[in-house]
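J.: File name protein.csv; file contents CSV, C-alpha atoms; full text below.
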```csv
chain,number,residue,atom,x,y,z
P,39,MET,CA,18.3,-6.9,12.2
P,40,GLY,CA,21.5,-6.1,10.3
P,41,ILE,CA,19.8,-3.3,8.4
P,42,LYS,CA,18.3,-1.9,11.6
P,43,GLY,CA,21.7,-2.1,13.4
P,44,GLY,CA,23.4,-0.3,10.5
P,45,PHE,CA,20.8,2.5,10.6
P,46,GLU,CA,21.1,2.9,14.3
P,47,LEU,CA,24.9,3.1,14.2
P,48,LEU,CA,24.6,5.7,11.4
P,49,SER,CA,22.2,7.8,13.5
P,50,SER,CA,25.0,8.5,15.9
P,51,GLU,CA,27.2,9.9,13.1
P,52,PRO,CA,27.2,13.6,12.0
P,53,ILE,CA,25.0,13.7,8.8
P,54,SER,CA,23.1,16.5,7.1
P,55,ASP,CA,19.5,17.3,7.9
P,56,LYS,CA,18.4,15.8,4.6
P,57,GLY,CA,20.4,12.7,5.2
P,58,ARG,CA,18.9,12.3,8.7
P,59,LYS,CA,15.4,12.6,7.3
P,60,PHE,CA,16.1,9.7,4.9
P,61,LEU,CA,17.7,7.8,7.8
P,62,GLU,CA,14.5,8.2,9.9
P,63,ILE,CA,12.4,6.9,7.0
P,64,GLY,CA,14.7,3.9,6.6
P,65,LEU,CA,14.4,3.1,10.3
P,66,ARG,CA,10.6,3.3,10.2
P,67,GLN,CA,10.5,1.1,7.1
P,68,ALA,CA,12.9,-1.5,8.7
P,69,ASN,CA,10.6,-1.6,11.8
P,70,ARG,CA,7.6,-2.1,9.5
P,71,GLN,CA,9.3,-4.9,7.6
P,72,GLU,CA,10.2,-6.7,10.8
P,73,SER,CA,6.6,-6.4,11.9
P,74,LEU,CA,5.5,-7.7,8.5
P,75,ILE,CA,7.7,-10.7,8.6
P,76,ARG,CA,6.4,-11.7,12.0
P,77,GLU,CA,2.8,-11.3,10.9
P,78,ILE,CA,3.3,-13.3,7.7
P,79,LEU,CA,4.9,-16.2,9.7
P,80,GLN,CA,1.9,-16.2,12.0
P,81,ALA,CA,-0.8,-15.5,9.5
P,82,PHE,CA,-0.1,-18.1,6.9
P,83,SER,CA,0.0,-20.9,9.5
P,84,ALA,CA,-3.8,-20.6,9.7
P,85,GLU,CA,-4.8,-18.4,6.7
P,86,LEU,CA,-4.6,-15.1,8.7
P,87,GLU,CA,-6.2,-16.5,11.8
P,88,SER,CA,-5.2,-13.3,13.6
P,89,PHE,CA,-8.0,-11.5,11.8
P,90,LYS,CA,-10.5,-13.2,14.0
P,91,SER,CA,-9.5,-10.9,16.8
P,92,PHE,CA,-10.4,-7.8,14.8
P,93,HIS,CA,-13.3,-5.8,16.4
P,94,LEU,CA,-14.8,-2.8,14.8
P,95,ASP,CA,-14.2,0.4,16.9
P,96,PRO,CA,-15.6,3.4,15.0
P,97,GLU,CA,-13.5,5.7,17.2
P,98,LYS,CA,-10.3,4.1,15.9
P,99,SER,CA,-11.3,3.9,12.3
P,100,PRO,CA,-8.3,4.9,10.1
P,101,ASP,CA,-8.4,7.8,7.7
P,102,ALA,CA,-7.6,6.6,4.1
P,103,LEU,CA,-6.2,10.0,3.1
P,104,GLN,CA,-3.9,10.1,6.1
P,105,ALA,CA,-2.8,6.5,5.4
P,106,ALA,CA,-2.1,7.5,1.7
P,107,LYS,CA,0.1,10.4,2.9
P,108,GLU,CA,2.1,8.1,5.2
P,109,VAL,CA,2.7,5.7,2.4
P,110,LEU,CA,3.7,8.5,0.0
P,111,GLU,CA,6.3,9.8,2.5
P,112,ALA,CA,7.7,6.3,3.1
P,113,LEU,CA,7.9,5.4,-0.6
P,114,LEU,CA,9.2,8.7,-2.1
P,115,PRO,CA,12.9,7.7,-1.9
P,116,ALA,CA,12.3,4.5,-3.8
P,117,PHE,CA,10.2,6.3,-6.4
P,118,ASP,CA,12.8,9.0,-6.8
P,119,ILE,CA,15.6,6.5,-7.4
P,120,ASN,CA,13.5,4.9,-10.2
P,121,GLN,CA,12.6,8.4,-11.6
P,122,VAL,CA,8.9,7.7,-11.1
P,123,LYS,CA,6.6,10.3,-9.6
P,124,LEU,CA,4.2,9.3,-6.8
P,125,ARG,CA,1.4,11.8,-6.0
P,126,ILE,CA,-2.0,12.1,-4.4
P,127,ASP,CA,-4.7,13.3,-6.8
P,128,GLY,CA,-5.1,17.1,-6.5
P,129,ALA,CA,-8.9,16.7,-6.7
P,130,VAL,CA,-9.0,14.9,-3.3
P,131,ASN,CA,-10.7,17.1,-0.7
P,132,GLN,CA,-8.0,17.4,2.0
P,133,SER,CA,-10.3,19.0,4.6
P,134,ARG,CA,-12.9,16.2,5.0
P,135,SER,CA,-12.9,12.9,6.7
P,136,TRP,CA,-11.9,9.8,4.7
P,137,LYS,CA,-12.5,7.3,7.5
P,138,VAL,CA,-13.0,3.6,6.6
P,139,VAL,CA,-13.6,0.3,8.4
P,140,GLY,CA,-10.2,-1.3,9.2
P,141,GLU,CA,-7.0,-0.9,11.1
P,142,LYS,CA,-4.4,1.8,10.5
P,143,SER,CA,-1.2,-0.3,10.0
P,144,ARG,CA,-2.8,-2.9,7.8
P,145,LEU,CA,-4.6,-0.2,5.7
P,146,GLU,CA,-1.2,1.5,5.1
P,147,ARG,CA,0.2,-1.8,4.1
P,148,VAL,CA,-2.5,-2.4,1.6
P,149,ILE,CA,-1.9,1.0,0.0
P,150,SER,CA,1.8,0.5,0.1
P,151,ASN,CA,1.7,-2.9,-1.5
P,152,LEU,CA,-0.4,-1.6,-4.4
P,153,ALA,CA,1.8,1.5,-4.8
P,154,GLU,CA,5.0,-0.7,-4.8
P,155,ASN,CA,3.3,-3.0,-7.3
P,156,ALA,CA,2.7,0.0,-9.6
P,157,LEU,CA,6.3,1.1,-9.2
P,158,ARG,CA,7.6,-2.3,-10.3
P,159,HIS,CA,5.7,-1.9,-13.6
P,160,SER,CA,6.3,1.8,-14.2
P,161,SER,CA,8.9,3.2,-16.6
P,162,ALA,CA,11.1,6.2,-15.8
P,163,ASN,CA,9.4,9.6,-16.0
P,164,SER,CA,5.9,8.1,-15.5
P,165,THR,CA,3.5,8.9,-12.7
P,166,VAL,CA,1.7,6.8,-10.1
P,167,THR,CA,-1.4,8.5,-8.7
P,168,ILE,CA,-3.4,7.7,-5.6
P,169,ARG,CA,-7.0,8.7,-5.8
P,170,LEU,CA,-9.8,8.7,-3.2
P,171,ILE,CA,-13.5,8.8,-4.2
P,172,ASP,CA,-16.5,9.1,-2.0
P,173,GLU,CA,-19.2,6.6,-3.0
P,174,SER,CA,-21.9,7.4,-0.5
P,175,ASP,CA,-21.5,4.6,2.1
P,176,ARG,CA,-18.1,3.5,0.8
P,177,ILE,CA,-14.7,4.9,0.0
P,178,LEU,CA,-12.9,3.9,-3.2
P,179,VAL,CA,-9.1,4.1,-3.1
P,180,ALA,CA,-7.4,3.7,-6.5
P,181,ILE,CA,-3.8,3.5,-7.6
P,182,ASP,CA,-3.3,4.4,-11.2
P,183,ASP,CA,-0.1,3.7,-13.1
P,184,GLU,CA,1.1,4.4,-16.7
P,185,GLY,CA,2.7,1.0,-17.2
P,186,PRO,CA,2.3,-1.6,-20.0
P,187,GLY,CA,-0.9,-3.1,-18.5
P,188,ILE,CA,-1.6,-6.7,-17.4
P,189,ALA,CA,-1.5,-9.7,-19.8
P,190,PRO,CA,-4.9,-11.3,-20.1
P,191,GLU,CA,-3.6,-14.7,-19.0
P,192,LEU,CA,-2.4,-13.2,-15.7
P,193,ALA,CA,-5.4,-11.0,-14.9
P,194,GLY,CA,-7.4,-13.6,-13.1
P,195,ALA,CA,-4.7,-14.8,-10.8
P,196,LEU,CA,-3.1,-11.6,-9.5
P,197,PHE,CA,-4.7,-11.7,-6.1
P,198,GLN,CA,-4.0,-15.4,-5.5
P,199,LYS,CA,-1.3,-16.6,-3.1
P,200,PHE,CA,2.2,-16.7,-4.7
P,201,ALA,CA,1.0,-15.2,-8.0
P,202,GLN,CA,3.6,-13.3,-10.0
P,203,GLY,CA,4.0,-11.7,-13.4
P,204,LYS,CA,5.9,-13.4,-16.2
P,205,LYS,CA,9.1,-11.5,-15.4
P,206,GLY,CA,8.9,-12.3,-11.7
P,207,ARG,CA,9.2,-8.6,-10.9
P,208,GLY,CA,7.3,-9.0,-7.6
P,209,LYS,CA,8.7,-10.3,-4.4
P,210,ILE,CA,7.2,-13.7,-3.3
P,211,GLY,CA,3.7,-13.3,-4.6
P,212,LEU,CA,2.0,-12.4,-1.3
P,213,GLY,CA,1.6,-8.7,-1.5
P,214,LEU,CA,-1.6,-8.6,-3.6
P,215,TYR,CA,-2.9,-11.7,-1.8
P,216,PHE,CA,-2.5,-9.9,1.5
P,217,CYS,CA,-4.4,-6.9,0.1
P,218,ARG,CA,-7.3,-9.1,-1.0
P,219,ILE,CA,-7.9,-11.0,2.2
P,220,THR,CA,-7.4,-7.9,4.3
P,221,VAL,CA,-9.9,-5.8,2.3
P,222,GLU,CA,-12.4,-8.7,2.0
P,223,HIS,CA,-12.2,-9.3,5.8
P,224,TRP,CA,-13.2,-5.7,6.4
P,225,GLY,CA,-16.3,-6.1,4.2
P,226,GLY,CA,-14.7,-4.5,1.1
P,227,GLU,CA,-13.8,-5.5,-2.4
P,228,ILE,CA,-10.7,-5.2,-4.5
P,229,GLY,CA,-9.8,-5.5,-8.2
P,230,HIS,CA,-8.1,-3.9,-11.2
P,231,HIS,CA,-8.8,-2.9,-14.7
P,232,PRO,CA,-7.0,-1.2,-17.6
P,233,ARG,CA,-7.2,2.6,-17.9
P,234,GLU,CA,-8.4,4.3,-21.1
P,235,GLU,CA,-5.3,6.5,-20.9
P,236,GLY,CA,-3.0,3.5,-20.7
P,237,GLY,CA,-1.7,1.6,-17.7
P,238,THR,CA,-3.6,-0.1,-14.9
P,239,ARG,CA,-5.9,0.9,-12.1
P,240,PHE,CA,-5.7,-1.2,-8.9
P,241,TRP,CA,-8.5,-0.3,-6.6
P,242,PHE,CA,-10.3,-1.3,-3.4
P,243,ARG,CA,-13.5,-0.2,-1.7
P,244,LEU,CA,-14.1,-0.1,2.0
P,245,PRO,CA,-17.2,0.7,3.9
P,246,LYS,CA,-17.4,3.8,6.1
P,247,PRO,CA,-17.8,3.3,9.8
P,248,GLN,CA,-21.3,3.6,11.1
P,249,GLY,CA,-22.1,7.2,12.0
P,250,ASN,CA,-19.6,8.7,9.4
```
Translate the structure of the given file into structure tokens.
T.:
Amino acid sequence: MGIKGGFELLSSEPISDKGRKFLEIGLRQANRQESLIREILQAFSAELESFKSFHLDPEKSPDALQAAKEVLEALLPAFDINQVKLRIDGAVNQSRSWKVVGEKSRLERVISNLAENALRHSSANSTVTIRLIDESDRILVAIDDEGPGIAPELAGALFQKFAQGKKGRGKIGLGLYFCRITVEHWGGEIGHHPREEGGTRFWFRLPKPQGN
């Protein structure tokens, strides 16, 4: 509430167009964080009991590419500060539909959590790339980083509740866990593997809505 109040007070001050753009991003992120906190408090009391109310509506299926674009815009300031480039793979067909089973805000949060995780393990002047691949009846979303990779002793527990790396560079160990239970609830799968070029790929697959 303090952060939101500060942003709202700042919005009434004379600032540059560029500054106002960052202010609007900050306000949107503060609202998302408030929503996230509320959902976590509710969800972990009964292992995300709220998911039981999810009903598939093909008309409201989120577009994975649009979700990736929203995440990119929201996270660009954090990536810029850390001198890490965030981009969507240029090979992604921008003119086609990338709809998947799911819900828009949670899909954005899954992509955002994976991108933030990549940022925490990326060095300056490296790149994090979001890729989308059509796999017939499913869509693969991959977040590739150029970091040091994952230690073998940690690889098997990354998607467990409260799991963190050796250096504790995550938050409270719920981000990847949220990603796993969300994707699996929608009938998808999630994982990670080392990249031949170096770094790590975190990925998830989601089914396409029927009729797409």
J.: Quick one: of P:Ala106, P:Ile188, P:Ile75, P:Ile228, who's nearest to His159 (chain P), counting all atoms listed in the file?
T.: P:Ile188
J.: Measuring between only C-alpha atoms, which one of P:Gly140, P:Gly187, P:Pro52, P:Gly43 shows the shortest distance to His230 (chain P)?
T.: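 Looking only at the distances to His230 (chain P), the closest residue turns out to be P:Gly187.
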J.: Can you measure CA of Val221 (chain P) to CA of Gln132 (chain P) for me? One decimal in Å is fine.
T.: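 Value for the CA of Val221 (chain P)-CA of Gln132 (chain P) distance: 23.3 Å.
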J.: Report, in Å with one decimal, the straight-line distance from CA of Asp175 (chain P) to CA of Ala153 (chain P).
T.: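 Result for CA of Asp175 (chain P) versus CA of Ala153 (chain P): 24.5 Å, one decimal.
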J.: Would you mind telling me which residue in P:Leu178, P:Ile149, P:Ile53, P:Ala189 lies nearest to Leu113 (chain P) when using only C-alpha atoms?
T.: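 Ranking P:Leu178, P:Ile149, P:Ile53, P:Ala189 by distance to Leu113 (chain P), first place goes to P:Ile149.
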J.: Of the candidates P:Arg134, P:Leu124, P:Arg147, P:Glu141, which shows the shortest atom-to-atom distance to Ala162 (chain P), using only C-alpha atoms?
T.: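 Using only C-alpha atoms, the shortest distance to Ala162 (chain P) belongs to P:Leu124.
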J.: Residues of region 82-175 of chain P that have any atom at most 12 Å from an atom of region 54-63 of chain P: could you tabulate them with the shortest-distance atom pair and the distance in Å to one decimal, using all atoms listed in the file, ordered by chain and increasing number, as a tab-separated table?
T.:
```
residue	atom	partner	partner_atom	distance
P:Glu108	CA	P:Ile63	CA	10.5
P:Val109	CA	P:Ile63	CA	10.8
P:Leu110	CA	P:Ile63	CA	11.3
P:Glu111	CA	P:Ile63	CA	8.1
P:Ala112	CA	P:Ile63	CA	6.1
P:Leu113	CA	P:Ile63	CA	9.0
P:Leu114	CA	P:Ile63	CA	9.8
P:Pro115	CA	P:Phe60	CA	7.8
P:Ala116	CA	P:Phe60	CA	10.8
```
J.: Measuring between all atoms listed in the file, which one of P:Ala180, P:Leu196, P:Ile219, P:Leu145 shows the shortest distance to Arg233 (chain P)?
T.: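 Closest to Arg233 (chain P) of all the choices is P:Ala180.
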J.: I need the residue nearest Ala68 (chain P) from this list: P:Gly40, P:Pro186, P:Gly225, P:Pro232. Use all atoms listed in the file for the distance.
T.: P:Gly40
J.: For a cut-off of 8 Å around (-5.6, 3.3, -10.7), file coordinates, pick out all residues using only C-alpha atoms and list them as a list in words.
T.: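 Residues with an atom at most 8 Å from (-5.6, 3.3, -10.7): Thr167, Ile168, Arg169, Ala180, Ile181, Asp182, Asp183, His230, Arg233, Thr238, Arg239, Phe240 and Trp241 of chain P.
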J.: I'd like the interatomic distance between CA of Glu235 (chain P) and CA of Asn163 (chain P), to a tenth of an Å.
T.: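 Taking CA of Glu235 (chain P) as the start and CA of Asn163 (chain P) as the end point, the length is 15.8 Å.
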J.: Please identify all polymer residues lying at most 10 Å from the point (17.5, 0.9, 11.2) (file coordinates), using only C-alpha atoms, and present the result as a PyMOL selection string.
T.: chain P and resi 39-49+61-69
